[in-house]
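Have a look at input-v3.csv; it's CSV, C-alpha atoms:
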chain,number,residue,atom,x,y,z
A,1,MET,CA,0.0,0.0,0.0
A,2,ILE,CA,2.8,2.5,1.0
A,3,GLU,CA,4.7,1.7,-2.3
A,4,LEU,CA,1.5,2.4,-4.2
A,5,LEU,CA,0.9,5.7,-2.4
A,6,ALA,CA,4.6,6.6,-2.9
A,7,ARG,CA,4.2,6.3,-6.7
A,8,VAL,CA,1.3,8.8,-6.5
A,9,PHE,CA,2.6,11.3,-3.9
A,10,VAL,CA,6.4,11.2,-4.1
A,11,LYS,CA,8.0,12.7,-7.2
A,12,ASP,CA,11.4,11.5,-8.3
A,13,ARG,CA,11.2,8.9,-5.5
A,14,GLU,CA,14.5,7.2,-6.3
A,15,ASN,CA,16.5,10.5,-5.6
A,16,THR,CA,16.6,10.0,-1.9
A,17,SER,CA,19.5,12.4,-1.4
A,18,ASP,CA,17.2,15.2,-2.2
A,19,PRO,CA,15.8,16.7,1.1
A,20,ARG,CA,12.4,17.3,-0.6
A,21,VAL,CA,12.1,13.6,-1.5
A,22,ARG,CA,13.0,12.6,2.0
A,23,ALA,CA,10.4,15.0,3.4
A,24,ALA,CA,7.8,13.5,1.0
A,25,TYR,CA,8.5,10.0,2.2
A,26,GLY,CA,8.6,11.1,5.8
A,27,THR,CA,5.2,12.8,5.4
A,28,LEU,CA,3.6,9.9,3.7
A,29,CYS,CA,4.7,7.3,6.3
A,30,SER,CA,3.9,9.6,9.2
A,31,VAL,CA,0.4,10.3,8.0
A,32,ALA,CA,-0.2,6.6,7.4
A,33,ALA,CA,1.1,5.8,10.8
A,34,ILE,CA,-1.1,8.4,12.5
A,35,VAL,CA,-4.3,7.0,10.9
A,36,MET,CA,-3.4,3.4,11.7
A,37,ASN,CA,-2.4,4.2,15.3
A,38,VAL,CA,-5.6,6.2,16.0
A,39,LEU,CA,-7.8,3.4,14.7
A,40,LEU,CA,-5.9,0.8,16.8
A,41,PHE,CA,-6.2,3.1,19.9
A,42,ALA,CA,-9.9,3.4,19.4
A,43,GLY,CA,-10.5,-0.3,19.0
A,44,LYS,CA,-8.3,-1.4,21.9
A,45,PHE,CA,-9.5,1.3,24.3
A,46,ILE,CA,-13.2,0.3,23.8
A,47,ILE,CA,-12.4,-3.4,24.2
A,48,GLY,CA,-10.1,-2.7,27.1
A,49,LYS,CA,-12.7,-0.8,29.0
A,50,ALA,CA,-15.4,-3.4,28.2
A,51,ALA,CA,-13.1,-6.2,29.5
A,52,ALA,CA,-11.8,-4.2,32.5
A,53,SER,CA,-8.3,-5.1,31.3
A,54,VAL,CA,-5.5,-2.6,32.3
A,55,ALA,CA,-3.2,-4.5,29.9
A,56,ILE,CA,-5.3,-3.9,26.8
A,57,THR,CA,-6.0,-0.3,27.9
A,58,ALA,CA,-2.2,0.2,28.4
A,59,ASP,CA,-1.6,-1.1,24.9
A,60,ALA,CA,-4.2,1.2,23.6
A,61,VAL,CA,-2.6,4.2,25.3
A,62,ASN,CA,0.7,3.1,23.7
A,63,ASN,CA,-0.9,3.3,20.3
A,64,LEU,CA,-2.1,6.8,21.0
A,65,THR,CA,1.4,7.8,22.0
A,66,ASP,CA,2.7,6.3,18.8
A,67,ALA,CA,0.2,8.5,16.9
A,68,GLY,CA,1.5,11.5,18.8
A,69,SER,CA,5.1,10.4,18.0
A,70,SER,CA,4.3,10.2,14.3
A,71,MET,CA,2.9,13.7,14.4
A,72,LEU,CA,6.2,14.9,15.9
A,73,VAL,CA,8.2,13.0,13.3
A,74,LEU,CA,6.0,14.6,10.6
A,75,LEU,CA,6.6,18.0,12.1
A,76,GLY,CA,10.4,17.2,12.2
A,77,PHE,CA,10.4,16.2,8.5
A,78,ARG,CA,8.5,19.4,7.5
A,79,LEU,CA,10.7,21.8,9.6
A,80,SER,CA,14.0,20.1,8.6
A,81,ASN,CA,13.2,20.7,5.0
A,82,LYS,CA,13.3,24.5,5.5
A,83,LYS,CA,15.8,26.4,3.5
A,84,PRO,CA,19.0,27.7,5.2
A,85,ASP,CA,18.7,31.2,6.6
A,86,PRO,CA,21.2,33.8,7.9
A,87,ASP,CA,21.0,32.3,11.4
A,88,HIS,CA,21.2,28.7,10.3
A,89,PRO,CA,23.4,28.6,7.1
A,90,PHE,CA,23.8,24.8,7.3
A,91,GLY,CA,20.0,24.3,7.2
A,92,HIS,CA,17.6,22.8,9.7
A,93,GLY,CA,18.2,19.1,9.2
A,94,ARG,CA,19.0,18.4,12.8
A,95,ILE,CA,15.4,19.3,13.7
A,96,GLU,CA,14.6,15.7,12.7
A,97,TYR,CA,16.9,14.4,15.4
A,98,VAL,CA,15.3,16.8,17.9
A,99,ALA,CA,11.9,15.5,17.0
A,100,GLY,CA,13.1,11.9,17.5
A,101,LEU,CA,14.5,12.9,20.9
A,102,VAL,CA,11.1,14.4,22.0
A,103,VAL,CA,9.4,11.2,20.7
A,104,ALA,CA,11.7,9.2,22.9
A,105,GLY,CA,10.8,11.3,25.9
A,106,LEU,CA,7.1,10.8,25.3
A,107,ILE,CA,7.7,7.0,25.0
A,108,LEU,CA,9.5,7.0,28.3
A,109,MET,CA,6.8,9.0,30.1
A,110,THR,CA,4.1,6.6,28.7
A,111,GLY,CA,6.1,3.6,29.8
A,112,ALA,CA,6.6,5.0,33.3
A,113,SER,CA,2.8,5.8,33.6
A,114,LEU,CA,1.8,2.4,32.5
A,115,LEU,CA,4.3,0.7,34.8
A,116,ARG,CA,2.7,2.6,37.7
A,117,SER,CA,-0.8,1.5,36.6
A,118,GLY,CA,0.3,-2.1,36.3
A,119,ALA,CA,1.9,-2.1,39.7
A,120,GLU,CA,-1.3,-0.7,41.3
A,121,LYS,CA,-3.4,-3.4,39.5
A,122,LEU,CA,-1.0,-6.0,40.8
A,123,ARG,CA,-1.6,-4.8,44.4
A,124,PHE,CA,-5.3,-4.5,43.9
A,125,PRO,CA,-6.4,-7.0,41.3
A,126,GLU,CA,-9.7,-6.7,39.5
A,127,GLU,CA,-11.6,-9.3,37.5
A,128,ILE,CA,-11.4,-9.1,33.8
A,129,GLU,CA,-13.8,-10.5,31.1
A,130,PHE,CA,-12.8,-12.6,28.1
A,131,SER,CA,-14.3,-11.8,24.8
A,132,ALA,CA,-13.8,-13.0,21.2
A,133,ALA,CA,-13.8,-9.4,20.1
A,134,ALA,CA,-10.8,-8.6,22.3
A,135,VAL,CA,-8.9,-11.5,20.7
A,136,ILE,CA,-9.8,-10.4,17.2
A,137,VAL,CA,-8.7,-6.8,17.9
A,138,LEU,CA,-5.4,-7.9,19.4
A,139,VAL,CA,-4.6,-10.3,16.5
A,140,LEU,CA,-5.4,-7.6,14.0
A,141,SER,CA,-3.3,-5.1,16.0
A,142,ILE,CA,-0.2,-7.5,15.9
A,143,ALA,CA,-0.6,-7.9,12.1
A,144,VAL,CA,-1.0,-4.2,11.5
A,145,LYS,CA,2.0,-3.3,13.7
A,146,PHE,CA,4.2,-5.9,11.9
A,147,TYR,CA,3.2,-4.3,8.6
A,148,MET,CA,3.9,-0.8,9.9
A,149,ALA,CA,7.3,-1.9,11.2
A,150,ALA,CA,8.1,-3.4,7.8
A,151,PHE,CA,7.3,-0.5,5.6
A,152,THR,CA,8.7,2.1,8.1
A,153,SER,CA,12.0,0.2,8.3
A,154,ARG,CA,12.1,-0.1,4.5
A,155,VAL,CA,11.5,3.6,4.0
A,156,GLY,CA,13.9,4.5,6.8
A,157,ARG,CA,16.7,2.5,5.2
A,158,LYS,CA,15.8,4.0,1.8
A,159,ILE,CA,16.1,7.6,2.9
A,160,GLY,CA,18.7,7.1,5.6
A,161,SER,CA,16.5,8.3,8.5
A,162,SER,CA,17.5,7.2,12.0
A,163,ALA,CA,14.3,8.6,13.3
A,164,MET,CA,12.2,6.3,11.1
A,165,GLU,CA,14.4,3.3,11.9
A,166,ALA,CA,13.8,4.0,15.6
A,167,THR,CA,10.1,4.3,14.9
A,168,ALA,CA,10.1,0.9,13.1
A,169,ALA,CA,11.9,-0.6,16.2
A,170,ASP,CA,9.1,0.9,18.3
A,171,TYR,CA,6.5,-0.8,16.1
A,172,ARG,CA,8.2,-4.2,16.4
A,173,SER,CA,8.2,-3.7,20.2
A,174,ASP,CA,4.5,-2.9,20.0
A,175,SER,CA,3.9,-6.2,18.3
A,176,VAL,CA,5.6,-8.0,21.1
A,177,SER,CA,3.7,-6.0,23.7
A,178,THR,CA,0.3,-6.7,22.1
A,179,ALA,CA,1.3,-10.4,21.8
A,180,THR,CA,2.0,-10.4,25.5
A,181,VAL,CA,-1.4,-8.9,26.2
A,182,LEU,CA,-3.1,-11.5,24.0
A,183,LEU,CA,-1.2,-14.3,25.7
A,184,CYS,CA,-2.5,-13.1,29.1
A,185,MET,CA,-6.0,-13.0,27.8
A,186,LEU,CA,-5.8,-16.5,26.5
A,187,ILE,CA,-4.3,-17.8,29.7
A,188,PHE,CA,-7.2,-16.3,31.6
A,189,ARG,CA,-9.7,-17.9,29.2
A,190,PHE,CA,-8.3,-21.4,29.5
A,191,THR,CA,-7.0,-21.5,33.1
A,192,GLY,CA,-8.9,-18.8,34.9
A,193,ARG,CA,-5.6,-17.2,36.1
A,194,ASN,CA,-5.5,-13.4,35.9
A,195,PHE,CA,-2.1,-12.2,34.7
A,196,ASP,CA,-3.5,-9.0,33.4
A,197,ALA,CA,-1.4,-6.8,35.7
A,198,VAL,CA,1.7,-8.8,34.9
A,199,GLY,CA,1.0,-8.3,31.2
A,200,ALA,CA,0.6,-4.5,31.7
A,201,ILE,CA,4.0,-4.4,33.6
A,202,ILE,CA,5.7,-6.4,30.8
A,203,VAL,CA,4.2,-4.0,28.2
A,204,SER,CA,5.4,-1.0,30.1
A,205,LEU,CA,8.9,-2.4,30.4
A,206,LEU,CA,9.1,-3.0,26.7
A,207,ILE,CA,7.9,0.5,26.1
A,208,LEU,CA,10.6,1.9,28.4
A,209,ARG,CA,13.3,-0.1,26.7
A,210,THR,CA,12.2,1.2,23.3
A,211,GLY,CA,12.2,4.8,24.7
A,212,VAL,CA,15.8,4.4,25.9
A,213,GLU,CA,17.0,2.9,22.6
A,214,GLU,CA,15.3,5.6,20.6
A,215,ALA,CA,16.8,8.3,22.8
A,216,ARG,CA,20.3,6.9,22.3
A,217,ASN,CA,19.8,6.6,18.6
A,218,THR,CA,18.7,10.3,18.2
A,219,LEU,CA,20.9,11.8,20.8
A,220,SER,CA,24.1,10.4,19.3
A,221,PRO,CA,23.9,12.3,16.0
A,222,LEU,CA,22.9,15.5,17.8
A,223,LEU,CA,26.0,15.3,19.9
A,224,GLY,CA,28.2,14.6,16.9
A,225,GLU,CA,29.0,11.0,16.2
A,226,LYS,CA,31.8,9.3,14.4
A,227,GLY,CA,31.6,9.4,10.6
A,228,ASP,CA,30.3,6.4,8.6
A,229,PRO,CA,33.4,4.1,7.7
A,230,GLU,CA,31.8,3.1,4.4
A,231,LEU,CA,31.3,6.7,3.4
A,232,ALA,CA,34.9,7.4,4.4
A,233,GLU,CA,36.1,4.6,2.2
A,234,ARG,CA,34.0,6.0,-0.7
A,235,VAL,CA,35.6,9.4,-0.2
A,236,GLU,CA,39.1,7.9,-0.3
A,237,GLU,CA,38.2,5.9,-3.4
A,238,ILE,CA,36.9,9.0,-5.3
A,239,VAL,CA,39.7,11.4,-4.3
A,240,CYS,CA,42.6,8.9,-4.7
A,241,ALA,CA,41.4,8.0,-8.1
A,242,TYR,CA,43.0,11.2,-9.4
A,243,ASP,CA,46.6,10.8,-10.5
A,244,GLU,CA,47.6,14.1,-8.8
A,245,VAL,CA,46.7,12.7,-5.3
A,246,ALA,CA,49.3,10.6,-3.5
A,247,GLY,CA,47.0,9.9,-0.4
A,248,ILE,CA,44.5,11.5,1.9
A,249,HIS,CA,44.3,12.2,5.7
A,250,ASP,CA,42.5,14.3,8.2
A,251,LEU,CA,39.1,13.3,6.8
A,252,ILE,CA,36.2,14.9,8.7
A,253,ILE,CA,32.5,14.3,8.0
A,254,HIS,CA,30.2,16.9,9.4
A,255,ASP,CA,26.5,15.9,9.8
A,256,TYR,CA,24.0,18.7,9.9
A,257,GLY,CA,21.0,16.4,9.5
A,258,PRO,CA,20.0,13.7,7.0
A,259,GLY,CA,21.0,14.6,3.5
A,260,ARG,CA,23.2,17.5,4.7
A,261,LEU,CA,26.8,16.4,4.8
A,262,TYR,CA,29.9,18.5,4.7
A,263,ILE,CA,33.2,16.8,4.1
A,264,SER,CA,36.7,18.1,4.5
A,265,VAL,CA,39.8,16.2,3.7
A,266,HIS,CA,43.6,16.8,3.2
A,267,ALA,CA,45.1,15.5,-0.1
A,268,GLU,CA,48.8,14.9,-0.5
A,269,VAL,CA,50.1,16.1,-3.8
A,270,ASP,CA,53.4,16.2,-5.6
A,271,GLY,CA,55.0,19.5,-4.5
A,272,THR,CA,57.0,19.8,-7.8
A,273,ARG,CA,53.9,19.9,-10.1
A,274,ASP,CA,52.2,23.0,-11.4
A,275,LEU,CA,50.0,24.7,-8.7
A,276,PHE,CA,47.2,25.5,-11.2
A,277,GLU,CA,47.0,22.0,-12.5
A,278,LEU,CA,46.8,20.6,-9.0
A,279,HIS,CA,44.1,23.1,-8.0
A,280,ASP,CA,42.1,22.2,-11.1
A,281,ALA,CA,42.3,18.5,-10.1
A,282,MET,CA,41.1,19.3,-6.6
A,283,ASP,CA,38.2,21.2,-8.0
A,284,ARG,CA,37.2,18.3,-10.2
A,285,ALA,CA,37.5,15.9,-7.2
A,286,MET,CA,35.2,18.2,-5.1
A,287,VAL,CA,32.6,18.3,-7.8
A,288,GLU,CA,32.7,14.5,-8.1
A,289,LEU,CA,32.3,14.1,-4.3
A,290,ASP,CA,29.4,16.6,-4.2
A,291,GLU,CA,27.6,14.9,-7.1
A,292,LYS,CA,28.1,11.3,-6.1
A,293,LEU,CA,27.7,11.6,-2.3
A,294,GLY,CA,25.2,14.4,-2.1
A,295,CYS,CA,27.5,16.6,0.1
A,296,GLU,CA,29.5,19.8,0.1
A,297,SER,CA,33.2,19.2,0.2
A,298,VAL,CA,36.5,21.0,0.7
A,299,ILE,CA,39.9,19.6,-0.1
A,300,HIS,CA,43.1,21.0,1.3
A,301,MET,CA,46.3,20.4,-0.6
A,302,ASP,CA,49.4,19.2,1.2
A,303,PRO,CA,52.5,19.3,-1.0
A,304,VAL,CA,54.9,16.5,-0.4
A,305,ASP,CA,58.4,15.7,-1.8
A,306,LEU,CA,58.0,12.4,-3.6
A,307,TYR,CA,61.4,12.2,-5.2
A,308,ASN,CA,63.8,12.9,-2.3
A,309,GLU,CA,65.5,9.5,-1.7
A,310,GLU,CA,66.8,10.4,1.8
A,311,LEU,CA,63.4,11.8,2.8
A,312,ASN,CA,61.6,8.7,1.5
A,313,SER,CA,64.0,6.4,3.3
A,314,LEU,CA,63.5,8.3,6.6
A,315,ARG,CA,59.7,8.4,6.1
A,316,GLU,CA,59.5,4.6,5.6
A,317,SER,CA,61.8,4.0,8.6
A,318,VAL,CA,59.9,6.3,10.9
A,319,ALA,CA,56.5,5.0,9.8
A,320,GLY,CA,57.7,1.4,10.6
A,321,LEU,CA,58.9,2.6,14.1
A,322,VAL,CA,55.6,4.3,14.8
A,323,GLU,CA,53.7,1.1,13.9
A,324,THR,CA,55.8,-0.9,16.3
A,325,ILE,CA,54.2,1.0,19.1
A,326,ASP,CA,50.7,0.1,17.8
A,327,PRO,CA,49.6,-1.1,14.3
A,328,GLN,CA,46.6,1.3,14.5
A,329,LEU,CA,48.9,4.3,14.4
A,330,ARG,CA,49.4,6.1,11.0
A,331,MET,CA,51.8,8.8,10.0
A,332,HIS,CA,51.4,11.6,7.4
A,333,ASP,CA,52.6,15.0,6.4
A,334,PHE,CA,56.2,13.9,6.8
A,335,ARG,CA,58.9,16.6,6.3
A,336,MET,CA,62.6,16.9,7.0
A,337,VAL,CA,64.3,20.1,8.1
A,338,PRO,CA,68.1,19.7,8.2
A,339,GLY,CA,70.2,21.8,10.6
A,340,PRO,CA,73.9,22.2,11.6
A,341,THR,CA,73.6,19.9,14.7
A,342,HIS,CA,70.5,17.8,14.1
A,343,THR,CA,67.6,17.2,11.7
A,344,ASN,CA,64.0,17.9,12.6
A,345,LEU,CA,61.5,15.4,11.4
A,346,VAL,CA,58.1,17.1,11.3
A,347,PHE,CA,55.0,14.9,10.9
A,348,ASP,CA,51.5,14.1,12.2
A,349,VAL,CA,50.5,10.8,13.8
A,350,LEU,CA,46.9,9.6,13.6
A,351,ALA,CA,45.9,7.8,16.8
A,352,PRO,CA,42.6,6.2,17.8
A,353,MET,CA,40.3,8.3,20.0
A,354,ASN,CA,40.7,6.1,23.1
A,355,PHE,CA,44.4,5.2,22.6
A,356,ARG,CA,46.2,3.7,25.6
A,357,LEU,CA,48.8,6.4,25.7
A,358,SER,CA,48.2,10.1,26.2
A,359,ASP,CA,49.4,12.4,23.4
A,360,ALA,CA,52.5,13.5,25.4
A,361,GLU,CA,53.4,9.9,26.2
A,362,LEU,CA,53.0,8.9,22.6
A,363,VAL,CA,55.2,11.8,21.4
A,364,GLN,CA,57.8,10.8,24.0
A,365,GLU,CA,57.8,7.1,23.0
A,366,ILE,CA,58.1,7.9,19.2
A,367,ASN,CA,61.0,10.3,19.9
A,368,LYS,CA,62.8,7.6,21.9
A,369,ARG,CA,62.4,5.0,19.2
A,370,VAL,CA,63.4,7.3,16.4
A,371,LYS,CA,66.5,8.6,18.2
A,372,ALA,CA,67.6,5.0,18.8
A,373,GLU,CA,67.6,4.4,15.1
A,374,HIS,CA,68.5,7.9,13.8
A,375,ALA,CA,70.8,9.6,16.4
A,376,ASN,CA,71.0,13.1,15.1
A,377,THR,CA,67.2,13.6,14.7
A,378,PHE,CA,64.5,15.2,16.7
A,379,CYS,CA,60.8,14.6,16.0
A,380,VAL,CA,58.3,17.5,16.0
A,381,ILE,CA,55.0,15.6,16.2
A,382,LYS,CA,51.3,16.6,16.1
A,383,VAL,CA,48.9,13.9,17.3
A,384,ASP,CA,45.6,13.8,15.4
A,385,LYS,CA,42.5,11.9,16.3
A,386,ALA,CA,40.4,9.7,13.9
A,387,TYR,CA,37.0,11.3,13.2
A,388,VAL,CA,35.8,8.3,11.1
The structure given in the file should be rewritten as structure tokens.
Amino acid sequence: MIELLARVFVKDRENTSDPRVRAAYGTLCSVAAIVMNVLLFAGKFIIGKAAASVAITADAVNNLTDAGSSMLVLLGFRLSNKKPDPDHPFGHGRIEYVAGLVVAGLILMTGASLLRSGAEKLRFPEEIEFSAAAVIVLVLSIAVKFYMAAFTSRVGRKIGSSAMEATAADYRSDSVSTATVLLCMLIFRFTGRNFDAVGAIIVSLLILRTGVEEARNTLSPLLGEKGDPELAERVEEIVCAYDEVAGIHDLIIHDYGPGRLYISVHAEVDGTRDLFELHDAMDRAMVELDEKLGCESVIHMDPVDLYNEELNSLRESVAGLVETIDPQLRMHDFRMVPGPTHTNLVFDVLAPMNFRLSDAELVQEINKRVKAEHANTFCVIKVDKAYV
């Protein structure tokens, strides 16, 4: 059904890097989710009150919360598609993450409220009534939620939306919650044992877990998370395909919301070549990055001496010594500055974010090992951190 509606309402639906296409998909899925959740809430709430079941009523309230969550996601998609303005030159894409975080807060509040209701019902149990209508509504609800989870997850992957992926996880959790309520109802029907309060507590705990997971998934990109390794590999593949580029480093991927990526990278180039030719190659590389990855890119040129045999020999030796400390360490921007008493070796070392040595300890250790091999040298080292 969603694919059919997408063909009608989403223009150029395969161009998912376009913020307008993403907003159209988000609007379509959110509106469909709102309608389905409201219908499920109405059916379960009526059945829950008729059967005096706090578990079914709790599940109904969860569906109403899902409808509210979908409204917030819809609002997030609409606002995130606003054009950049003087105060927000990078656009409003992160509003989608903010909306997801608010949704997670609502889910947590709902879970806490339902946990309290279930605990009270456990202390002061009430009789419930079994009905075929309740079973039918619950079975239909499970089927609908599985369908909603499937199409939301598919669209979330298609447009690269963490908010929609989290919503799909919420729907899968809802299916398990409703199945728990149905199981409690069937146990009551065939054994006479009332586990309604237990079912309500289980549902509330599942809701709380979903809220925590969704908060984590939306808070991480808001704080600024590590760049996608696959995207980093794609950047390296594109830039290093140019003959003028000897290698890249200092790659940073800035995320200002889905579909709004800014990439900066340093490219090592032959320092003896014509500056205008090199600059033209970097321009072409940036255009290719922007077109293929749907981003805005900046490439900084680092000229290196590729034909100095003494320098190349020292570079290879020092790189090997650095890797003896830890194979994860990488060296770049290597330069040699000869002097009357000693030679300065100036270079950067790329270290993992949680490396076992502090920057000062790492610099000291590299200097010690290099001096042992090359007596009249001194290392001037800048320690970089990996952002991808």
Spatial neighbours of Tyr262 in chain A, max dist 10 Å, only C-alpha atoms, sep filter under 2 positions, as a PDB file with C-alpha atoms, in the coordinates of the input:
ATOM      1  CA  PHE A  90      23.800  24.800   7.300  1.00  0.00           C
ATOM      2  CA  ILE A 252      36.200  14.900   8.700  1.00  0.00           C
ATOM      3  CA  ILE A 253      32.500  14.300   8.000  1.00  0.00           C
ATOM      4  CA  HIS A 254      30.200  16.900   9.400  1.00  0.00           C
ATOM      5  CA  ASP A 255      26.500  15.900   9.800  1.00  0.00           C
ATOM      6  CA  TYR A 256      24.000  18.700   9.900  1.00  0.00           C
ATOM      7  CA  GLY A 259      21.000  14.600   3.500  1.00  0.00           C
ATOM      8  CA  ARG A 260      23.200  17.500   4.700  1.00  0.00           C
ATOM      9  CA  SER A 264      36.700  18.100   4.500  1.00  0.00           C
ATOM     10  CA  ASP A 290      29.400  16.600  -4.200  1.00  0.00           C
ATOM     11  CA  GLY A 294      25.200  14.400  -2.100  1.00  0.00           C
ATOM     12  CA  CYS A 295      27.500  16.600   0.100  1.00  0.00           C
ATOM     13  CA  GLU A 296      29.500  19.800   0.100  1.00  0.00           C
ATOM     14  CA  SER A 297      33.200  19.200   0.200  1.00  0.00           C
ATOM     15  CA  VAL A 298      36.500  21.000   0.700  1.00  0.00           C
TER      16      VAL A 298
END
With distances taken over all atoms listed in the file, the candidate from A:Ala319, A:Leu183, A:Leu122, A:Met353 nearest Ile142 in chain A is A:Leu183
So that I can check the surroundings of Arg94 in chain A, please list as JSON, numbers by chain every protein, DNA and RNA residue that reaches within 7 Å of it, counting only C-alpha atoms and ignoring chain neighbours fewer than 3 positions away. {"A": [80, 97, 98, 222, 256, 257]}
Closest-contact table, range 126-200 of chain A side, partner range 52-76 of chain A, 12 Å, counting all atoms listed in the file, as a tab-separated table:
residue	atom	partner	partner_atom	distance
A:Glu126	CA	A:Ala52	CA	7.7
A:Glu127	CA	A:Ala52	CA	7.1
A:Ile128	CA	A:Ala52	CA	5.1
A:Glu129	CA	A:Ala52	CA	6.8
A:Phe130	CA	A:Ser53	CA	9.3
A:Ser131	CA	A:Ser53	CA	11.1
A:Ala134	CA	A:Ile56	CA	8.5
A:Val135	CA	A:Ile56	CA	10.4
A:Val137	CA	A:Ile56	CA	10.0
A:Leu138	CA	A:Ile56	CA	8.4
A:Ser141	CA	A:Asn63	CA	9.7
A:Ile142	CA	A:Asp59	CA	11.1
A:Val144	CA	A:Asn63	CA	11.6
A:Lys145	CA	A:Asn63	CA	9.8
A:Met148	CA	A:Asp66	CA	11.4
A:Thr152	CA	A:Ser70	CA	11.1
A:Ser161	CA	A:Val73	CA	10.7
A:Ser162	CA	A:Val73	CA	11.0
A:Ala163	CA	A:Val73	CA	7.5
A:Met164	CA	A:Val73	CA	8.1
A:Glu165	CA	A:Val73	CA	11.6
A:Ala166	CA	A:Val73	CA	10.8
A:Thr167	CA	A:Ser70	CA	8.3
A:Ala168	CA	A:Asp66	CA	10.8
A:Ala169	CA	A:Asp66	CA	11.8
A:Asp170	CA	A:Asp66	CA	8.4
A:Tyr171	CA	A:Asp66	CA	8.5
A:Ser173	CA	A:Asn62	CA	10.7
A:Asp174	CA	A:Asn62	CA	8.0
A:Ser175	CA	A:Asp59	CA	10.0
A:Val176	CA	A:Asp59	CA	10.7
A:Ser177	CA	A:Asp59	CA	7.3
A:Thr178	CA	A:Asp59	CA	6.5
A:Ala179	CA	A:Asp59	CA	10.2
A:Thr180	CA	A:Ala55	CA	9.0
A:Val181	CA	A:Ala55	CA	6.0
A:Leu182	CA	A:Ile56	CA	8.4
A:Leu183	CA	A:Ala55	CA	10.8
A:Cys184	CA	A:Ala55	CA	8.7
A:Met185	CA	A:Ser53	CA	8.9
A:Phe188	CA	A:Ser53	CA	11.3
A:Asn194	CA	A:Ser53	CA	9.9
A:Phe195	CA	A:Ala55	CA	9.1
A:Asp196	CA	A:Ala55	CA	5.7
A:Ala197	CA	A:Ala55	CA	6.5
A:Val198	CA	A:Ala55	CA	8.2
A:Gly199	CA	A:Ala55	CA	5.8
A:Ala200	CA	A:Ala55	CA	4.2
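CA of Cys29 in chain A is positioned 28.9 Å from CA of Pro229 in chain A.
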Review point. Suppose you want the space between CA of Val322 in chain A and CA of Val380 in chain A; what is it in Å?
Key: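 Computing it gives 13.5 Å between the two atoms.
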With distances taken over only C-alpha atoms, the candidate from A:Val235, A:Glu309, A:Lys83, A:Thr110 nearest Leu206 in chain A is A:Thr110
*range 281-284 of chain A surroundings by all atoms listed in the file, 9 Å radius, close-in-sequence under 5 positions cut, as a list in words*: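 Listed by chain and then number, they are Val239, Tyr242, Asp243, Glu244, Val245, Ala267, Phe276, Leu289, Val298, Ile299, His300 and Met301 of chain A.
Here CA of Ile107 in chain A is placed at a distance of 23.3 Å from CA of Gly224 in chain A.
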The residue from A:Leu106, A:Tyr147, A:Arg116, A:Gly160 with the smallest atom-to-atom distance to Ala23 in chain A, counting all atoms listed in the file, is A:Gly160
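For Thr341 in chain A, the non-local neighbours within 12 Å, defined as residues at least 6 positions apart in the same chain or in other chains and counting all atoms listed in the file, are Ala375, Asn376, Thr377 and Phe378 of chain A.
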* Asked: Any idea what's packed within 7 Å of Ile201 in chain A, counting only C-alpha atoms, ignoring anything in its chain fewer than 5 positions away? Could you give it as a PyMOL selection string?
  -> chain A and resi 115+118-119
Write out, as a CSV table (one decimal), in the coordinates of the input, the residues just selected, with C-alpha atoms.
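Result file result31.csv:
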chain,number,residue,atom,x,y,z
A,115,LEU,CA,4.3,0.7,34.8
A,118,GLY,CA,0.3,-2.1,36.3
A,119,ALA,CA,1.9,-2.1,39.7
Of A:Val337, A:Asp85, A:Leu208, A:Leu350, the one nearest to Ser113 in chain A when counting only C-alpha atoms is A:Leu208
